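Raw contents of coords_36.cif, mmCIF, C-alpha atoms and all ligand atoms:
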data_final
loop_
_atom_site.label_atom_id
_atom_site.label_comp_id
_atom_site.auth_asym_id
_atom_site.auth_seq_id
_atom_site.Cartn_x
_atom_site.Cartn_y
_atom_site.Cartn_z
CA MET Y 193 0.00 0.00 0.00
CA SER Y 194 1.22 3.52 -0.76
CA GLY Y 195 0.68 6.85 1.00
CA GLY Y 196 1.94 8.34 4.24
CA ARG Y 197 2.15 6.59 7.62
CA ASN Y 198 1.37 2.89 7.40
CA GLY Y 199 -0.66 3.14 4.23
CA PRO Y 200 -3.33 5.57 3.05
CA LEU Y 201 -5.71 7.28 5.44
CA LEU Y 202 -9.33 6.90 4.37
CA LEU Y 203 -12.43 8.69 5.49
CA ALA Y 204 -15.14 6.03 5.20
CA VAL Y 205 -18.90 6.49 5.06
CA GLU Y 206 -21.47 3.74 5.77
CA SER Y 207 -25.25 4.28 5.52
CA SER Y 208 -26.57 1.15 3.83
CA CYS Y 209 -29.16 0.19 6.42
CA ASP Y 210 -29.94 1.69 9.82
CA GLU Y 211 -26.53 2.79 11.07
CA THR Y 212 -25.01 6.13 10.05
CA SER Y 213 -21.27 5.75 10.46
CA ILE Y 214 -18.10 7.62 9.55
CA ALA Y 215 -14.61 6.35 10.29
CA LEU Y 216 -11.02 7.41 9.75
CA VAL Y 217 -8.85 4.35 9.07
CA GLU Y 218 -5.13 4.16 8.36
CA GLY Y 219 -3.68 1.53 6.04
CA GLY Y 220 -6.84 -0.61 6.22
CA ARG Y 221 -5.94 -1.60 9.78
CA ARG Y 222 -5.66 1.18 12.32
CA ILE Y 223 -8.85 2.91 13.45
CA HIS Y 224 -8.43 6.60 14.32
CA ALA Y 225 -12.18 7.17 14.70
CA ASN Y 226 -15.28 5.06 14.17
CA VAL Y 227 -18.49 6.88 15.04
CA VAL Y 228 -21.76 4.95 14.71
CA ALA Y 229 -25.20 6.53 15.14
CA SER Y 230 -27.63 3.64 15.44
CA GLN Y 231 -31.30 3.93 14.59
CA VAL Y 232 -32.13 0.67 16.38
CA ALA Y 233 -34.11 2.36 19.17
CA MET Y 234 -36.04 4.37 16.58
CA HIS Y 235 -37.03 1.31 14.53
CA ALA Y 236 -37.77 -0.84 17.60
CA ALA Y 237 -41.23 0.72 17.98
CA ALA Y 238 -42.14 -0.43 14.44
CA GLY Y 239 -40.53 -3.87 15.06
CA GLY Y 240 -38.32 -3.40 11.99
CA ILE Y 241 -36.81 -0.89 9.62
CA VAL Y 242 -39.04 1.56 7.74
CA PRO Y 243 -36.88 2.56 4.72
CA GLU Y 244 -38.19 6.11 4.40
CA VAL Y 245 -37.65 6.75 8.11
CA ALA Y 246 -34.13 5.29 7.88
CA ALA Y 247 -33.13 7.55 4.97
CA ARG Y 248 -34.38 10.66 6.78
CA ALA Y 249 -32.47 9.69 9.92
CA HIS Y 250 -29.24 9.30 7.89
CA LEU Y 251 -29.74 12.83 6.56
CA ARG Y 252 -30.32 14.12 10.08
CA TRP Y 253 -27.23 12.44 11.55
CA ILE Y 254 -24.55 12.36 8.89
CA VAL Y 255 -23.08 15.82 9.56
CA PRO Y 256 -22.95 15.44 13.38
CA VAL Y 257 -21.38 11.98 12.89
CA LEU Y 258 -18.67 13.47 10.66
CA GLU Y 259 -17.99 16.21 13.22
CA GLU Y 260 -17.73 13.63 15.99
CA ALA Y 261 -15.29 11.55 13.90
CA TRP Y 262 -13.02 14.57 13.39
CA SER Y 263 -13.03 15.39 17.08
CA GLU Y 264 -12.17 11.75 17.99
CA ALA Y 265 -9.32 11.50 15.53
CA ALA Y 266 -7.21 14.64 15.90
CA LEU Y 267 -6.59 14.59 12.13
CA GLU Y 268 -7.45 17.02 9.36
CA TRP Y 269 -8.40 16.94 5.70
CA SER Y 270 -4.78 17.32 4.58
CA ASP Y 271 -4.10 13.88 6.20
CA VAL Y 272 -6.82 12.16 4.14
CA ASP Y 273 -5.87 10.19 1.00
CA GLY Y 274 -9.37 9.22 -0.14
CA VAL Y 275 -13.07 8.94 0.65
CA ALA Y 276 -14.57 5.43 0.72
CA VAL Y 277 -18.30 4.84 0.70
CA THR Y 278 -20.69 1.87 0.70
CA TYR Y 279 -22.62 1.81 -2.60
CA GLY Y 280 -24.47 -1.50 -2.06
CA PRO Y 281 -26.09 -3.79 -1.12
CA GLY Y 282 -28.64 -2.06 1.09
CA LEU Y 283 -31.67 0.20 1.08
CA ALA Y 284 -31.60 2.55 -1.92
CA GLY Y 285 -32.66 5.68 -0.03
CA SER Y 286 -30.20 5.02 2.80
CA LEU Y 287 -27.30 4.27 0.42
CA LEU Y 288 -27.94 7.47 -1.54
CA VAL Y 289 -27.51 9.66 1.52
CA GLY Y 290 -24.00 8.28 2.18
CA ILE Y 291 -23.02 8.20 -1.50
CA ASN Y 292 -24.02 11.81 -2.15
CA PHE Y 293 -22.36 12.97 1.04
CA ALA Y 294 -19.11 11.14 0.19
CA LYS Y 295 -19.17 12.46 -3.39
CA ALA Y 296 -19.53 16.04 -2.15
CA LEU Y 297 -16.65 15.59 0.31
CA ALA Y 298 -14.37 13.98 -2.29
CA TYR Y 299 -15.19 16.66 -4.87
CA VAL Y 300 -14.81 19.66 -2.59
CA ARG Y 301 -11.58 18.35 -1.03
CA GLY Y 302 -10.13 16.98 -4.26
CA LYS Y 303 -9.75 13.40 -2.95
CA PRO Y 304 -10.26 10.13 -4.81
CA LEU Y 305 -13.64 8.45 -4.27
CA ILE Y 306 -13.73 4.68 -3.67
CA GLY Y 307 -16.96 2.68 -3.86
CA VAL Y 308 -17.05 -0.25 -1.42
CA ASN Y 309 -19.30 -3.32 -1.35
CA HIS Y 310 -20.85 -3.48 2.13
CA LEU Y 311 -20.31 -7.25 2.30
CA GLU Y 312 -16.63 -6.85 1.44
CA GLY Y 313 -16.55 -4.45 4.40
CA HIS Y 314 -17.92 -7.20 6.69
CA VAL Y 315 -15.10 -9.50 5.48
CA TYR Y 316 -12.36 -6.88 5.85
CA ALA Y 317 -13.33 -6.05 9.45
CA ALA Y 318 -11.07 -9.04 10.19
CA TRP Y 319 -8.02 -7.00 9.12
CA LEU Y 320 -8.74 -4.16 11.55
CA SER Y 321 -6.15 -4.37 14.28
CA ALA Y 322 -8.77 -4.54 17.03
CA SER Y 323 -9.89 -7.91 15.65
CA GLU Y 324 -9.06 -11.00 17.64
CA SER Y 325 -7.72 -14.38 16.75
CA ALA Y 326 -7.23 -17.47 18.85
CA ALA Y 327 -3.53 -16.60 19.06
CA ASP Y 328 -4.27 -13.21 20.68
CA ARG Y 329 -6.03 -14.93 23.53
CA ASP Y 330 -2.96 -17.13 24.02
CA GLY Y 331 -0.94 -13.96 24.46
CA SER Y 332 0.93 -14.05 21.15
CA ALA Y 333 0.85 -11.29 18.53
CA HIS Y 334 -2.27 -10.38 16.58
CA GLU Y 335 -2.68 -12.71 13.65
CA GLU Y 336 -3.91 -11.47 10.31
CA PRO Y 337 -5.96 -13.64 8.01
CA VAL Y 338 -3.76 -15.73 5.68
CA PHE Y 339 -4.74 -16.94 2.21
CA PRO Y 340 -6.32 -19.09 1.08
CA LEU Y 341 -9.10 -18.51 3.57
CA VAL Y 342 -12.76 -19.22 4.04
CA ALA Y 343 -15.00 -16.31 5.03
CA LEU Y 344 -18.39 -16.74 6.65
CA VAL Y 345 -20.56 -13.62 6.50
CA VAL Y 346 -23.75 -13.76 8.58
CA SER Y 347 -25.79 -10.59 8.73
CA GLY Y 348 -29.30 -9.21 8.71
CA GLY Y 349 -29.68 -9.58 4.95
CA HIS Y 350 -26.99 -12.10 3.92
CA THR Y 351 -25.53 -15.47 4.80
CA PHE Y 352 -22.74 -16.87 2.67
CA LEU Y 353 -19.50 -18.79 2.66
CA ALA Y 354 -16.78 -17.68 0.25
CA GLU Y 355 -13.26 -18.78 -0.52
CA MET Y 356 -10.61 -16.06 -0.89
CA ARG Y 357 -7.32 -17.10 -2.47
CA ASP Y 358 -6.08 -13.49 -2.42
CA HIS Y 359 -7.23 -9.98 -1.57
CA LEU Y 360 -10.49 -8.84 -3.19
CA THR Y 361 -11.19 -12.17 -4.93
CA TYR Y 362 -14.12 -14.31 -3.90
CA ARG Y 363 -15.48 -17.67 -4.95
CA LEU Y 364 -18.93 -18.33 -3.60
CA LEU Y 365 -19.10 -21.71 -1.86
CA GLY Y 366 -22.65 -21.43 -0.57
CA GLN Y 367 -25.36 -19.01 0.49
CA THR Y 368 -28.80 -19.00 2.01
CA VAL Y 369 -31.57 -20.11 -0.29
CA ASP Y 370 -34.19 -18.24 1.76
CA ASP Y 371 -33.77 -16.20 4.98
CA ALA Y 372 -30.49 -14.75 6.23
CA ALA Y 373 -29.29 -15.98 9.63
CA GLY Y 374 -29.90 -12.54 11.18
CA GLU Y 375 -33.39 -12.44 9.73
CA ALA Y 376 -34.12 -15.83 11.35
CA PHE Y 377 -32.90 -14.49 14.71
CA ASP Y 378 -35.10 -11.40 14.32
CA LYS Y 379 -38.20 -13.36 13.30
CA VAL Y 380 -37.86 -15.96 16.04
CA GLY Y 381 -37.16 -13.17 18.54
CA ARG Y 382 -40.52 -11.68 17.58
CA LEU Y 383 -42.25 -15.09 17.96
CA LEU Y 384 -40.84 -15.32 21.48
CA GLY Y 385 -42.10 -11.81 22.28
CA LEU Y 386 -38.55 -10.46 22.62
CA GLY Y 387 -37.47 -6.97 21.54
CA TYR Y 388 -36.00 -5.84 18.21
CA PRO Y 389 -33.48 -6.77 16.94
CA GLY Y 390 -33.96 -10.37 17.99
CA GLY Y 391 -30.31 -11.51 17.69
CA PRO Y 392 -28.88 -9.96 20.84
CA GLU Y 393 -32.13 -10.66 22.75
CA ILE Y 394 -32.06 -14.36 21.87
CA MET Y 395 -28.39 -14.57 22.86
CA ARG Y 396 -29.15 -13.03 26.26
CA ALA Y 397 -32.22 -15.20 26.84
CA ALA Y 398 -30.38 -18.39 25.78
CA ALA Y 399 -27.55 -17.70 28.23
CA GLY Y 400 -30.08 -18.08 31.06
CA ALA Y 401 -31.43 -21.47 29.92
CA THR Y 402 -31.51 -24.12 32.63
CA ARG Y 403 -33.45 -26.73 30.62
CA ARG Y 404 -31.92 -27.56 27.27
CA ASP Y 405 -34.17 -30.38 26.08
CA ILE Y 406 -35.95 -29.00 23.04
CA VAL Y 407 -34.05 -29.76 19.86
CA PHE Y 408 -34.76 -27.60 16.80
CA PRO Y 409 -34.28 -29.06 13.31
CA ARG Y 410 -31.13 -28.46 11.25
CA ALA Y 411 -31.33 -27.97 7.47
CA TRP Y 412 -28.13 -29.61 6.23
CA MET Y 413 -28.96 -29.25 2.49
CA GLY Y 414 -27.10 -32.47 1.68
CA THR Y 415 -23.41 -31.93 1.07
CA SER Y 416 -23.88 -28.42 -0.31
CA TYR Y 417 -22.57 -25.32 1.42
CA ASP Y 418 -25.92 -23.58 0.99
CA PHE Y 419 -28.02 -22.66 4.00
CA SER Y 420 -31.75 -22.60 4.66
CA PHE Y 421 -33.42 -21.06 7.69
CA SER Y 422 -37.06 -20.79 6.66
CA GLY Y 423 -37.91 -24.35 7.79
CA LEU Y 424 -36.35 -23.56 11.15
CA LYS Y 425 -38.59 -20.51 11.45
CA THR Y 426 -41.67 -22.63 10.68
CA ALA Y 427 -40.55 -25.22 13.23
CA ALA Y 428 -40.02 -22.43 15.76
CA ARG Y 429 -43.59 -21.22 15.23
CA ARG Y 430 -44.91 -24.76 15.81
CA ILE Y 431 -42.75 -25.24 18.93
CA VAL Y 432 -43.73 -21.83 20.33
CA ASP Y 433 -47.44 -22.52 19.73
CA ALA Y 434 -47.14 -25.89 21.51
CA ALA Y 435 -45.32 -24.27 24.44
CA ARG Y 436 -48.01 -21.58 24.68
CA ALA Y 437 -50.72 -24.25 24.74
CA ASP Y 438 -48.78 -26.09 27.48
CA GLU Y 439 -48.70 -22.94 29.57
CA GLY Y 440 -52.41 -22.29 28.91
CA LEU Y 441 -51.79 -19.01 27.04
CA PRO Y 442 -54.33 -17.77 24.47
CA ALA Y 443 -52.95 -18.28 20.93
CA ASP Y 444 -54.00 -14.83 19.73
CA ASP Y 445 -52.83 -12.59 22.58
CA PRO Y 446 -49.20 -11.50 22.07
CA LYS Y 447 -49.22 -9.74 25.46
CA ALA Y 448 -49.61 -13.08 27.24
CA ARG Y 449 -45.96 -14.12 27.30
CA LEU Y 450 -44.37 -17.48 27.90
CA SER Y 451 -42.55 -17.99 31.18
CA ARG Y 452 -38.97 -16.76 31.34
CA GLU Y 453 -37.69 -20.36 31.66
CA THR Y 454 -39.52 -21.49 28.53
CA ILE Y 455 -38.34 -18.48 26.51
CA ALA Y 456 -34.77 -19.23 27.58
CA GLU Y 457 -35.07 -22.91 26.64
CA LEU Y 458 -36.53 -22.11 23.22
CA ALA Y 459 -33.97 -19.35 22.55
CA TYR Y 460 -31.22 -21.81 23.47
CA GLY Y 461 -32.55 -24.57 21.18
CA PHE Y 462 -32.96 -22.19 18.25
CA GLN Y 463 -29.50 -20.63 18.67
CA GLU Y 464 -27.88 -24.09 18.92
CA SER Y 465 -29.47 -25.12 15.64
CA VAL Y 466 -28.22 -22.01 13.77
CA VAL Y 467 -24.74 -22.12 15.29
CA ASP Y 468 -24.37 -25.87 14.69
CA VAL Y 469 -25.12 -25.55 10.97
CA LEU Y 470 -22.97 -22.44 10.47
CA VAL Y 471 -19.95 -23.87 12.30
CA THR Y 472 -20.16 -27.36 10.80
CA LYS Y 473 -20.36 -26.10 7.21
CA THR Y 474 -17.62 -23.49 7.69
CA ILE Y 475 -15.18 -26.01 9.17
CA ARG Y 476 -15.95 -28.52 6.41
CA ALA Y 477 -15.45 -25.81 3.76
CA ALA Y 478 -12.12 -24.82 5.31
CA GLU Y 479 -10.93 -28.44 5.34
CA GLU Y 480 -12.11 -29.21 1.80
CA THR Y 481 -10.51 -26.07 0.31
CA SER Y 482 -7.30 -26.49 2.37
CA ALA Y 483 -7.81 -23.05 3.87
CA ARG Y 484 -5.08 -21.63 6.09
CA SER Y 485 -7.42 -19.40 8.08
CA ILE Y 486 -11.08 -18.60 8.70
CA VAL Y 487 -12.67 -15.16 8.86
CA LEU Y 488 -16.07 -14.47 10.46
CA GLY Y 489 -18.07 -11.27 9.87
CA GLY Y 490 -21.52 -9.64 9.81
CA GLY Y 491 -23.91 -8.68 12.59
CA VAL Y 492 -24.67 -12.27 13.68
CA ALA Y 493 -20.90 -12.71 14.29
CA ALA Y 494 -21.53 -10.57 17.39
CA ASN Y 495 -23.12 -13.74 18.82
CA ARG Y 496 -20.90 -15.06 21.62
CA VAL Y 497 -21.81 -18.73 21.16
CA LEU Y 498 -21.11 -18.62 17.41
CA ARG Y 499 -17.78 -16.84 17.94
CA GLU Y 500 -16.58 -19.19 20.65
CA ARG Y 501 -17.73 -22.36 18.91
CA LEU Y 502 -16.15 -21.46 15.57
CA VAL Y 503 -12.86 -20.30 17.12
CA GLY Y 504 -12.75 -23.46 19.25
CA GLU Y 505 -13.43 -25.84 16.36
CA ALA Y 506 -10.88 -24.04 14.18
CA GLN Y 507 -8.26 -24.03 16.90
CA ALA Y 508 -8.74 -27.77 17.42
CA ARG Y 509 -7.63 -28.17 13.78
CA GLY Y 510 -4.73 -25.74 14.06
CA LEU Y 511 -6.56 -23.14 11.97
CA PRO Y 512 -6.48 -19.48 12.98
CA CYS Y 513 -9.99 -17.99 13.09
CA ILE Y 514 -10.15 -14.20 13.05
CA VAL Y 515 -13.25 -12.58 14.53
CA PRO Y 516 -13.79 -8.83 14.85
CA PRO Y 517 -15.01 -7.53 18.22
CA PRO Y 518 -18.85 -7.29 18.29
CA ALA Y 519 -18.88 -3.53 17.52
CA LEU Y 520 -16.96 -4.20 14.28
CA CYS Y 521 -19.27 -7.11 13.31
CA THR Y 522 -22.41 -4.97 13.15
CA ASP Y 523 -22.49 -2.16 10.56
CA ASN Y 524 -19.75 0.44 10.96
CA GLY Y 525 -17.62 2.76 8.86
CA ALA Y 526 -14.25 1.32 9.92
CA MET Y 527 -14.87 -1.91 7.99
CA ILE Y 528 -15.60 0.18 4.87
CA GLY Y 529 -12.32 2.03 5.43
CA ALA Y 530 -10.53 -1.33 5.75
CA ALA Y 531 -11.90 -2.74 2.49
CA GLY Y 532 -11.52 0.68 0.82
CA ALA Y 533 -7.77 0.70 1.49
CA TRP Y 534 -7.28 -2.54 -0.47
CA ARG Y 535 -9.53 -1.23 -3.26
CA LEU Y 536 -7.51 2.02 -3.42
CA ALA Y 537 -4.24 0.06 -3.51
CA ALA Y 538 -5.67 -2.01 -6.39
CA GLY Y 539 -6.32 1.21 -8.33
CA ASP Y 540 -10.11 1.24 -7.93
CA ARG Y 541 -11.62 4.72 -8.27
CA ALA Y 542 -15.26 5.69 -8.53
CA GLY Y 543 -16.51 8.62 -10.58
CA LEU Y 544 -19.02 11.22 -9.49
CA ASP Y 545 -21.61 9.12 -11.31
CA LEU Y 546 -21.33 6.41 -8.62
CA ASP Y 547 -24.87 5.16 -7.98
CA ALA Y 548 -26.56 3.04 -5.32
CA ARG Y 549 -26.65 -0.71 -6.11
CA PRO Y 550 -29.26 -2.10 -3.67
CA SER Y 551 -28.68 -5.73 -4.79
CA LEU Y 552 -24.92 -5.59 -5.43
CA PRO Y 553 -23.52 -9.15 -5.07
CA LEU Y 554 -20.07 -9.90 -3.65
CA ALA Y 555 -19.16 -13.29 -4.96
CA THR Y 556 -20.13 -15.58 -7.78
CA ARG Y 557 -19.72 -19.33 -8.01
N1 LIG Y 601 -25.50 -11.14 19.46
C1 LIG Y 601 -26.14 -11.43 18.34
N2 LIG Y 601 -26.56 -12.70 18.10
C2 LIG Y 601 -27.23 -12.99 16.96
N3 LIG Y 601 -27.53 -12.10 16.02
C3 LIG Y 601 -27.15 -10.83 16.21
C4 LIG Y 601 -26.42 -10.43 17.37
N4 LIG Y 601 -26.17 -9.09 17.27
C5 LIG Y 601 -26.72 -8.68 16.10
N5 LIG Y 601 -27.30 -9.72 15.47
C6 LIG Y 601 -28.06 -9.69 14.22
O1 LIG Y 601 -27.29 -9.08 13.22
C7 LIG Y 601 -28.17 -8.49 12.25
C8 LIG Y 601 -27.65 -7.11 11.89
O2 LIG Y 601 -26.40 -7.30 11.26
P1 LIG Y 601 -25.85 -6.25 10.24
O3 LIG Y 601 -25.89 -4.92 10.90
O4 LIG Y 601 -24.59 -6.70 9.67
O5 LIG Y 601 -27.01 -6.43 9.16
P2 LIG Y 601 -27.43 -5.51 8.01
O6 LIG Y 601 -26.35 -4.54 7.70
O7 LIG Y 601 -28.79 -5.02 8.36
O8 LIG Y 601 -27.53 -6.53 6.82
P3 LIG Y 601 -26.47 -6.74 5.62
O9 LIG Y 601 -25.11 -6.58 6.18
O10 LIG Y 601 -26.77 -8.09 5.16
O11 LIG Y 601 -26.81 -5.67 4.63
C9 LIG Y 601 -29.56 -8.47 12.86
O12 LIG Y 601 -30.34 -9.46 12.22
C10 LIG Y 601 -29.29 -8.82 14.32
O13 LIG Y 601 -30.36 -9.53 14.94
MG MG Y 602 -24.34 -5.21 7.52
#

Rewritten as structure tokens:
Amino acid sequence: MSGGRNGPLLLAVESSCDETSIALVEGGRRIHANVVASQVAMHAAAGGIVPEVAARAHLRWIVPVLEEAWSEAALEWSDVDGVAVTYGPGLAGSLLVGINFAKALAYVRGKPLIGVNHLEGHVYAAWLSASESAADRDGSAHEEPVFPLVALVVSGGHTFLAEMRDHLTYRLLGQTVDDAAGEAFDKVGRLLGLGYPGGPEIMRAAAGATRRDIVFPRAWMGTSYDFSFSGLKTAARRIVDAARADEGLPADDPKARLSRETIAELAYGFQESVVDVLVTKTIRAAEETSARSIVLGGGVAANRVLRERLVGEAQARGLPCIVPPPALCTDNGAMIGAAGAWRLAAGDRAGLDLDARPSLPLATR
């Protein structure tokens, strides 16, 4: 990588969904600032994201977020080598706010503009120096991902396994054929009467489980690396209905909630099913492609059980598994600055005609 310091300094903008974030990242690794304004509390009342509301909130917050990033970083425009921005996938209205803001900054300041795929950002969070690997916990130096590697991205809208034999190159091994893992967490969270988003709520509830008897189905999809979570969601509905009948709750009154013990047991069984499938397929993919490391990313990677299980299984096979801290798994600008640095080094530049790509894919088979 070229530029001053340890590689170029990027100002990175992320607004693809319901987080407005701006980061200043050096050399794709070192975070100088990473400010995230989350709209989660705002969307919780609606039980999900309302796109129009999300876009307006990005507009409201993007300038204060930029100001906060500058005050965290003690840097100035003359230090910046480029402006990176997420241009897809995501909600069109939300993406456009970040794209237009980044374009204006790049134009006014005379800096190169770099368009970044949001999913590539989730992968490259593993290169940020705050990320952990099994070796860190043993007290040795931070390990970076080594190629070839297998990356598992599990987020609110995506679930896929890809092989990377070098930077910025992806071969799709498998993906969800229906719901994303995060979507399944959110939907089952709602079935259990938990708050939005369901992922963190299910994790918390499951940690308190004392009975662990209910086993949820696993969709193995034969020997393929594809995933399916819609059957699990249907099974969850059936299991929840049966549990409600057992506790004598009316089927049509969402205010009548299951007992705390039952919610914990069901949350535990559901989480085990998702984690089991994700970990088993990822380890098998790593073995079959002779990967030298594993990278985990996306909002669901904030799940403690998933992180620990995958790192443990990888470690047992002598494979380093690099997992960003939870705040770098959910949407943030730093991961866009990390991916953007490699894109800049590869000569990628976007023009002022950069447009939102709501369905932008990352990898092809
Ligand atoms: N601790 C957790 N356990 C399980 N799931 C979690 C946890 N924390 C967050 N999630 C889930 O992560 C998802 C949000 O992840 P992320 O912010 O990456 O998604 P997104 O940006 O909306 O989607 P995408 O990245 O696919 O565009 C939500 O579905 C949320 O429930
Ligand atoms: Mg995301």

task = Could you check how far CA of Ala533 in chain Y sits from atom N2 of ligand LIG 601 (chain Y), in Å to one decimal?
result = 28.4 Å

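Residues of protein, DNA or RNA lying at most 9 Å from ligand MG 602 (chain Y), when only C-alpha atoms and all ligand atoms are considered, are Y:Ser208, Y:Cys209, Y:Pro281, Y:Gly282, Y:His310, Y:Leu311, Y:Gly313, Y:His314, Y:Val346, Y:Ser347, Y:Gly348, Y:Gly349, Y:His350, Y:Gly490, Y:Gly491, Y:Cys521, Y:Thr522, Y:Asp523, Y:Asn524.
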
Could you make a table, as CSV, of the residues of range 362-394 of chain Y that have an atom within 6 Å of an atom of range 553-556 of chain Y, each with its nearest atom pair and distance in Å to one decimal, counting only C-alpha atoms, in chain and number order?
residue,atom,partner,partner_atom,distance
Y:Tyr362,CA,Y:Ala555,CA,5.3
Y:Arg363,CA,Y:Ala555,CA,5.7
Y:Leu364,CA,Y:Thr556,CA,5.1

If the box runs along x, y and z of the file and leaves 8 Å on each side of range 375-392 of chain Y, what are its centre and edge lengths in Å, one decimal, as JSON?
{"center_x": -35.6, "center_y": -10.9, "center_z": 16.2, "size_x": 29.4, "size_y": 26.1, "size_z": 28.9}

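For the choices Y:Gly220, Y:Pro200, Y:Pro550, Y:Gly510, the atom-to-atom distance to Lys303 in chain Y is smallest for Y:Pro200 when using all atoms listed in the file.
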
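Considering only C-alpha atoms and all ligand atoms, the residue among Y:Ala448, Y:Ala354, Y:Ile241, Y:Ile475 positioned nearest to ligand LIG 601 (chain Y) is Y:Ile241.
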
ask   = So which residues touch Arg222 in chain Y within 12 Å, counting all atoms listed in the file, skipping near sequence neighbours fewer than 6 positions away, as number ranges by chain?
value = Y: 197-202, 215-216, 265, 317-323, 526-527, 529-530, 533

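With distances taken over all atoms listed in the file, Y:Gly461 is the one residue among Y:Pro442, Y:Gly374, Y:Gly461, Y:Gly285 lying closest to Arg403 in chain Y.
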
message = When you count all atoms listed in the file, which of these residues is closest to ligand LIG 601 (chain Y): Y:Pro340, Y:Pro256, Y:Pro304, Y:Pro389?
response =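 Using all atoms listed in the file, the shortest distance to ligand LIG 601 (chain Y) belongs to Y:Pro389.
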
task = For CA of Gly525 in chain Y and CA of Pro512 in chain Y, determine how far apart the two atoms are, in Å to one decimal place.
result = 25.2 Å

ask   = So which residues touch Arg301 in chain Y within 10 Å, counting all atoms listed in the file, skipping near sequence neighbours fewer than 2 positions away, as a list in words?
value =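 Answer for this query is Trp269, Ser270, Val272, Gly274, Val275, Lys295, Ala296, Leu297, Ala298, Tyr299, Lys303 and Pro304 of chain Y.
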
query = With distances taken over all atoms listed in the file, which of Y:Ala483, Y:Ala494, Y:Asp438, Y:Leu450 is nearest to Glu393 in chain Y?
reply =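 Smallest separation from Glu393 in chain Y among the options: Y:Ala494.
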
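Take CA of Arg484 in chain Y and CA of Ala537 in chain Y: the distance between them is 23.7 Å.
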
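Take the candidates Y:Ala376, Y:Val217, Y:Leu384, Y:Ala276 and check each one against ligand LIG 601 (chain Y) using only C-alpha atoms and all ligand atoms; the shortest distance goes to Y:Ala376.
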
request  = List every protein, DNA or RNA residue that has at least one atom no more than 10 Å from (-33.4, 5.3, 6.8) in the file's coordinates, counting only C-alpha atoms, and write the result as a ChimeraX atom specification.
outcome  = /Y:207-212,231,235,241-252,283-287,289

task = Might you pull out every residue within 8 Å of Leu341 in chain Y, with all atoms listed in the file counted and same-chain residues fewer than 6 positions away left off, and present them as a VMD selection string?
result = chain Y and resid 355 to 357 478 483 to 487

request  = Quick one: everything within 9 Å of Leu470 in chain Y, counting all atoms listed in the file, minus sequence neighbours fewer than 5 positions away in the same chain. Send it as a ChimeraX atom specification.
outcome  = /Y:344,346,419,465,475,498,502

With all atoms listed in the file as the counted atoms, please give the residues lying no more than 9 Å from Thr368 in chain Y, apart from itself and same-chain residues fewer than 4 positions off, as an mmCIF file with C-alpha atoms, in the coordinates of the input.
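Output saved as around_0.cif:
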data_model
loop_
_atom_site.group_PDB
_atom_site.id
_atom_site.type_symbol
_atom_site.label_atom_id
_atom_site.label_comp_id
_atom_site.auth_asym_id
_atom_site.auth_seq_id
_atom_site.Cartn_x
_atom_site.Cartn_y
_atom_site.Cartn_z
ATOM 1 C CA HIS Y 350 -26.990 -12.100 3.920
ATOM 2 C CA THR Y 351 -25.530 -15.470 4.800
ATOM 3 C CA PHE Y 352 -22.740 -16.870 2.670
ATOM 4 C CA ALA Y 372 -30.490 -14.750 6.230
ATOM 5 C CA ALA Y 373 -29.290 -15.980 9.630
ATOM 6 C CA TYR Y 417 -22.570 -25.320 1.420
ATOM 7 C CA ASP Y 418 -25.920 -23.580 0.990
ATOM 8 C CA PHE Y 419 -28.020 -22.660 4.000
ATOM 9 C CA SER Y 420 -31.750 -22.600 4.660
ATOM 10 C CA PHE Y 421 -33.420 -21.060 7.690
#
